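Peer 1: Below you will find the structure I want to go over with you.
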Amino acid sequence: MLESIGSKTLDCIESAGQFARFSRRVAVASLQTCFQPRAYPLVWTQMNTIGVHSVPVIMATGAFVGMILAVQAYDQLAGMGLEEHLGVLINIAVVKELGPVLAAVMLAGRVGGALTAELGTMNVTEQISAVRSMGTNPVKYLVAPRVLACLLLTPFLIIYADLLGILGGYFVSVVQLGINSRAYWEFSARGVEMWDIVTGILKGFFFGGAIASISCYKGFHCRKGAQGVGEACTEAFVGSFISILALNFLFAVIAKAIYNTFWSIQPLL
C-alpha cells in the first residue's frame, strides 16, 4: 500500500512539473505571438471558433440562470415584504459569481473538450511531430493562438452571460411575478456596484487561461489511441472545472481584501 501511495505521489509531482514547464513555454510563446503580426490570422481563426460559436450557448446559460434565481428567491423575499429587492439578489449573484463561473464551465465543456480532442488527435496521428520536424515550434504555432483567443474572449462571453442573466431575471420578476419595474431597477442600481461587475469580468482572464492551458496540455500529452484521446478530454474538463472553482475562491478572497482595504474606508474620509 505504501509503495502504491508513493508511486502515485511521484506521478502527481511529475505531472505537476510537466504542466509547469508547459505553462512557461505557453506564456513565452503567447507573449512572442502578440508582437508578431504574421501570427494574427491564426489568432483570428481561433477567436471565431472559440468565441463567436460559443455566444448562443453562453447567452442561453446566463438567461436561464437569471430566471431560475428569480423563481427560487421570490417566495422568500415576498414572505418578508421585500420582493422589490429581488433585483439586487439576482443581479449581484449573476454578475459577481454565477455568471462568470457558469460561463467558464460551459466553455470548459465546449471549448476545452474541442481543444483537447483536436490536439490529442494531432498528437496521436503524429502531426505535432511533423510540425516539429519542419522546424516550427508546435507550442507557438498550435497552442499560443488558442490560449490568446481564450484569454481575450472569455471576459466578453462573461459580459454576454451577465447581460442575459439580468434580462432573464427582469423578465420573470416584472412580467411574470408582477414586481414594479421602476423599483426593481432602482434597488438594483443601489445594491450593485461597479466593483462587483469589474471583478466578475476580470475573472474571465484567469478562467480562460486555465481552460486553454489545461486543455492544450492534456491534448499534447494524451496516450495513443482513441481511448487515450477520450480520457484526455475527460481529464481536461475535470481539471478545468476544479481550477475554475479554486481560482474563483482565491479571487474572491483577494478581491474582498482589496475592497476592504481601499473602499471600506471611503465613508470615513
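Order determines the names: the first chain of the C-alpha cells is A, the second B, and so forth; residues in each chain are numbered 1 upward, and ligands are numbered 1 upward as they are shown.
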Please list as a list in words every residue within 6 Å of range 83-86 of chain A, counting only C-alpha atoms and excluding residues in the same chain fewer than 5 positions away.

Peer 2: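 The residues satisfying every condition are Leu77, Ala78, Tyr184 and Phe187 of chain A.
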
Peer 1: Write out as a PyMOL selection string all residues of range 162-199 of chain A that backbone DSSP assigns to alpha helix (DSSP H).

Peer 2: chain A and resi 162-170+181-191+194-199

Peer 1: Neighbouring residues of Phe207 in chain A were defined as those with any atom within 10 Å, considering only C-alpha atoms; residues of the same chain fewer than 3 positions away were excluded. Please report them as a VMD selection string.

Peer 2: chain A and resid 100 to 101 103 to 105 107 to 108 150 to 151 154 to 155 202 to 204 210 to 213 240 to 241 243 to 245 247 to 248

Peer 1: Would you work out the distance separating CA of Gln176 in chain A from CA of Ala63 in chain A, expressed in Å to one decimal?

Peer 2: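 According to the coordinates, CA of Gln176 in chain A and CA of Ala63 in chain A are separated by 14.8 Å.
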
Peer 1: Which residue, A:Cys222, A:Ala117, A:Ile159, A:Met80, has the smallest gap to Gly99 in chain A when you use only C-alpha atoms?

Peer 2: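 Going through A:Cys222, A:Ala117, A:Ile159, A:Met80 one by one, the smallest distance to Gly99 in chain A is for A:Ile159.
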
Peer 1: Skip range 33-35 of chain A itself and residues of its chain fewer than 6 positions away, then list as JSON, numbers by chain all residues within 8 Å of it, counting only C-alpha atoms.

Peer 2: {"A": [140, 144, 145]}

Peer 1: Can you tell me, as a list of chain:residue names, what residues are no more than 9 Å from Gly51 in chain A when counting only C-alpha atoms, ignoring any on the same chain fewer than 2 positions away?

Peer 2: A:Gln46, A:Met47, A:Asn48, A:Thr49, A:His53, A:Ser54, A:Val55, A:Val111, A:Ala149, A:Cys150, A:Leu153, A:Thr154, A:Phe156, A:Leu157

Peer 1: Produce a file of the selected residues containing C-alpha atoms, as a PDB file, in the first residue's frame.

Peer 2:
```pdb
ATOM      1  CA  GLN A  46      -9.355  30.619 -33.056  1.00  0.00           C
ATOM      2  CA  MET A  47     -11.299  33.643 -31.825  1.00  0.00           C
ATOM      3  CA  ASN A  48     -14.047  32.846 -34.303  1.00  0.00           C
ATOM      4  CA  THR A  49     -14.108  29.175 -33.312  1.00  0.00           C
ATOM      5  CA  HIS A  53     -19.569  29.921 -31.896  1.00  0.00           C
ATOM      6  CA  SER A  54     -19.908  29.910 -28.103  1.00  0.00           C
ATOM      7  CA  VAL A  55     -22.132  33.000 -27.867  1.00  0.00           C
ATOM      8  CA  VAL A 111     -14.138  24.764 -25.971  1.00  0.00           C
ATOM      9  CA  ALA A 149      -8.170  33.603 -28.027  1.00  0.00           C
ATOM     10  CA  CYS A 150      -9.448  32.222 -24.712  1.00  0.00           C
ATOM     11  CA  LEU A 153     -12.757  36.416 -25.420  1.00  0.00           C
ATOM     12  CA  THR A 154     -13.721  34.795 -22.118  1.00  0.00           C
ATOM     13  CA  PHE A 156     -16.596  39.252 -23.331  1.00  0.00           C
ATOM     14  CA  LEU A 157     -18.507  35.983 -23.152  1.00  0.00           C
TER      15      LEU A 157
END
```

Peer 1: For Ala161 in chain A, which residue among A:Ile58, A:Val43, A:Leu148, A:Ile179 is the nearest when counting only C-alpha atoms?

Peer 2: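 Closest candidate: A:Ile58.
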
Peer 1: Near Gly120 in chain A, within 10 Å and counting only C-alpha atoms, which residues show up once chain neighbours fewer than 3 positions away are dropped, as a list in words?

Peer 2: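 In the requested format, the answer is Ala114, Leu115, Thr116, Ala117, Asn123, Val124, Thr125, Glu126, Gln127, Ile128, Ser215, Cys216, Tyr217, Lys218, Gly219, Phe220, His221, Cys222, Arg223, Lys224, Gly225, Ala226, Gly228, Val229, Gly230, Ala232 and Cys233 of chain A.
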
Peer 1: With N, CA and C atoms kept, could you save the residues just selected as a short mmCIF file (atom, residue, chain, number, x, y, z; two decimals), in the first residue's frame?

Peer 2:
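Okay, this is what ended up in again-v5.cif:
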```cif
data_model
loop_
_atom_site.label_atom_id
_atom_site.label_comp_id
_atom_site.auth_asym_id
_atom_site.auth_seq_id
_atom_site.Cartn_x
_atom_site.Cartn_y
_atom_site.Cartn_z
N ALA A 114 -13.09 20.49 -27.09
CA ALA A 114 -12.73 20.56 -28.51
C ALA A 114 -11.22 20.75 -28.68
N LEU A 115 -10.61 21.61 -27.85
CA LEU A 115 -9.17 21.82 -27.94
C LEU A 115 -8.41 20.55 -27.61
N THR A 116 -8.83 19.85 -26.57
CA THR A 116 -8.15 18.61 -26.19
C THR A 116 -8.29 17.56 -27.27
N ALA A 117 -9.49 17.40 -27.81
CA ALA A 117 -9.70 16.39 -28.85
C ALA A 117 -8.91 16.72 -30.12
N ASN A 123 -1.74 14.71 -31.95
CA ASN A 123 -0.65 14.02 -31.28
C ASN A 123 -0.64 12.54 -31.62
N VAL A 124 -1.82 11.93 -31.64
CA VAL A 124 -1.92 10.50 -31.94
C VAL A 124 -1.49 10.21 -33.37
N THR A 125 -1.89 11.06 -34.29
CA THR A 125 -1.54 10.87 -35.70
C THR A 125 -0.17 11.46 -36.05
N GLU A 126 0.58 11.91 -35.04
CA GLU A 126 1.95 12.42 -35.19
C GLU A 126 2.04 13.67 -36.05
N GLN A 127 0.96 14.44 -36.11
CA GLN A 127 1.02 15.71 -36.82
C GLN A 127 1.85 16.73 -36.04
N ILE A 128 1.82 16.65 -34.72
CA ILE A 128 2.64 17.56 -33.91
C ILE A 128 4.12 17.28 -34.15
N SER A 215 -6.42 22.30 -21.21
CA SER A 215 -6.91 21.53 -22.35
C SER A 215 -5.80 21.24 -23.35
N CYS A 216 -4.99 22.25 -23.66
CA CYS A 216 -3.89 22.04 -24.60
C CYS A 216 -2.84 21.10 -24.02
N TYR A 217 -2.59 21.20 -22.73
CA TYR A 217 -1.62 20.29 -22.10
C TYR A 217 -2.09 18.84 -22.20
N LYS A 218 -3.34 18.61 -21.88
CA LYS A 218 -3.87 17.24 -21.96
C LYS A 218 -3.85 16.72 -23.40
N GLY A 219 -4.12 17.60 -24.36
CA GLY A 219 -4.06 17.17 -25.76
C GLY A 219 -2.66 16.85 -26.20
N PHE A 220 -1.68 17.61 -25.75
CA PHE A 220 -0.29 17.40 -26.14
C PHE A 220 0.28 16.12 -25.52
N HIS A 221 -0.22 15.72 -24.35
CA HIS A 221 0.38 14.60 -23.62
C HIS A 221 -0.59 13.43 -23.46
N CYS A 222 -1.56 13.30 -24.35
CA CYS A 222 -2.51 12.18 -24.24
C CYS A 222 -1.85 10.88 -24.71
N ARG A 223 -2.40 9.77 -24.25
CA ARG A 223 -1.89 8.47 -24.67
C ARG A 223 -2.37 8.16 -26.08
N LYS A 224 -1.71 7.21 -26.69
CA LYS A 224 -2.04 6.85 -28.06
C LYS A 224 -3.39 6.14 -28.12
N GLY A 225 -4.06 6.30 -29.26
CA GLY A 225 -5.32 5.62 -29.49
C GLY A 225 -6.53 6.47 -29.15
N ALA A 226 -7.69 5.99 -29.61
CA ALA A 226 -8.93 6.72 -29.37
C ALA A 226 -9.27 6.78 -27.90
N GLY A 228 -7.16 6.94 -25.43
CA GLY A 228 -6.31 7.96 -24.82
C GLY A 228 -6.84 9.36 -25.05
N VAL A 229 -7.35 9.62 -26.26
CA VAL A 229 -7.93 10.94 -26.55
C VAL A 229 -9.17 11.17 -25.70
N GLY A 230 -10.01 10.14 -25.58
CA GLY A 230 -11.22 10.28 -24.76
C GLY A 230 -10.89 10.53 -23.31
N ALA A 232 -8.19 11.92 -22.19
CA ALA A 232 -7.62 13.27 -22.10
C ALA A 232 -8.73 14.32 -22.07
N CYS A 233 -9.78 14.14 -22.87
CA CYS A 233 -10.90 15.09 -22.87
C CYS A 233 -11.59 15.12 -21.51
#
```

Peer 1: Take CA of Pro37 in chain A and CA of Met134 in chain A and report the distance between them in Å, one decimal.

Peer 2: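 Rounded to one decimal, the two atoms are 21.1 Å apart.
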
Peer 1: Find the spatial neighbours of Met106 in chain A, counting only C-alpha atoms, within a cut-off of 8 Å - ignore same-chain residues fewer than 4 positions away - and output them as a list in words.

Peer 2: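 Once the nearby chain positions are removed, what remains is Val57, Ile58, Leu102 and Arg110 of chain A.
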
Peer 1: So the first atom is CA of Gln32 in chain A and the second is CA of Ala20 in chain A; what is the distance between them in Å, to one decimal place?

Peer 2: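 Distance reported for this atom pair: 18.5 Å.
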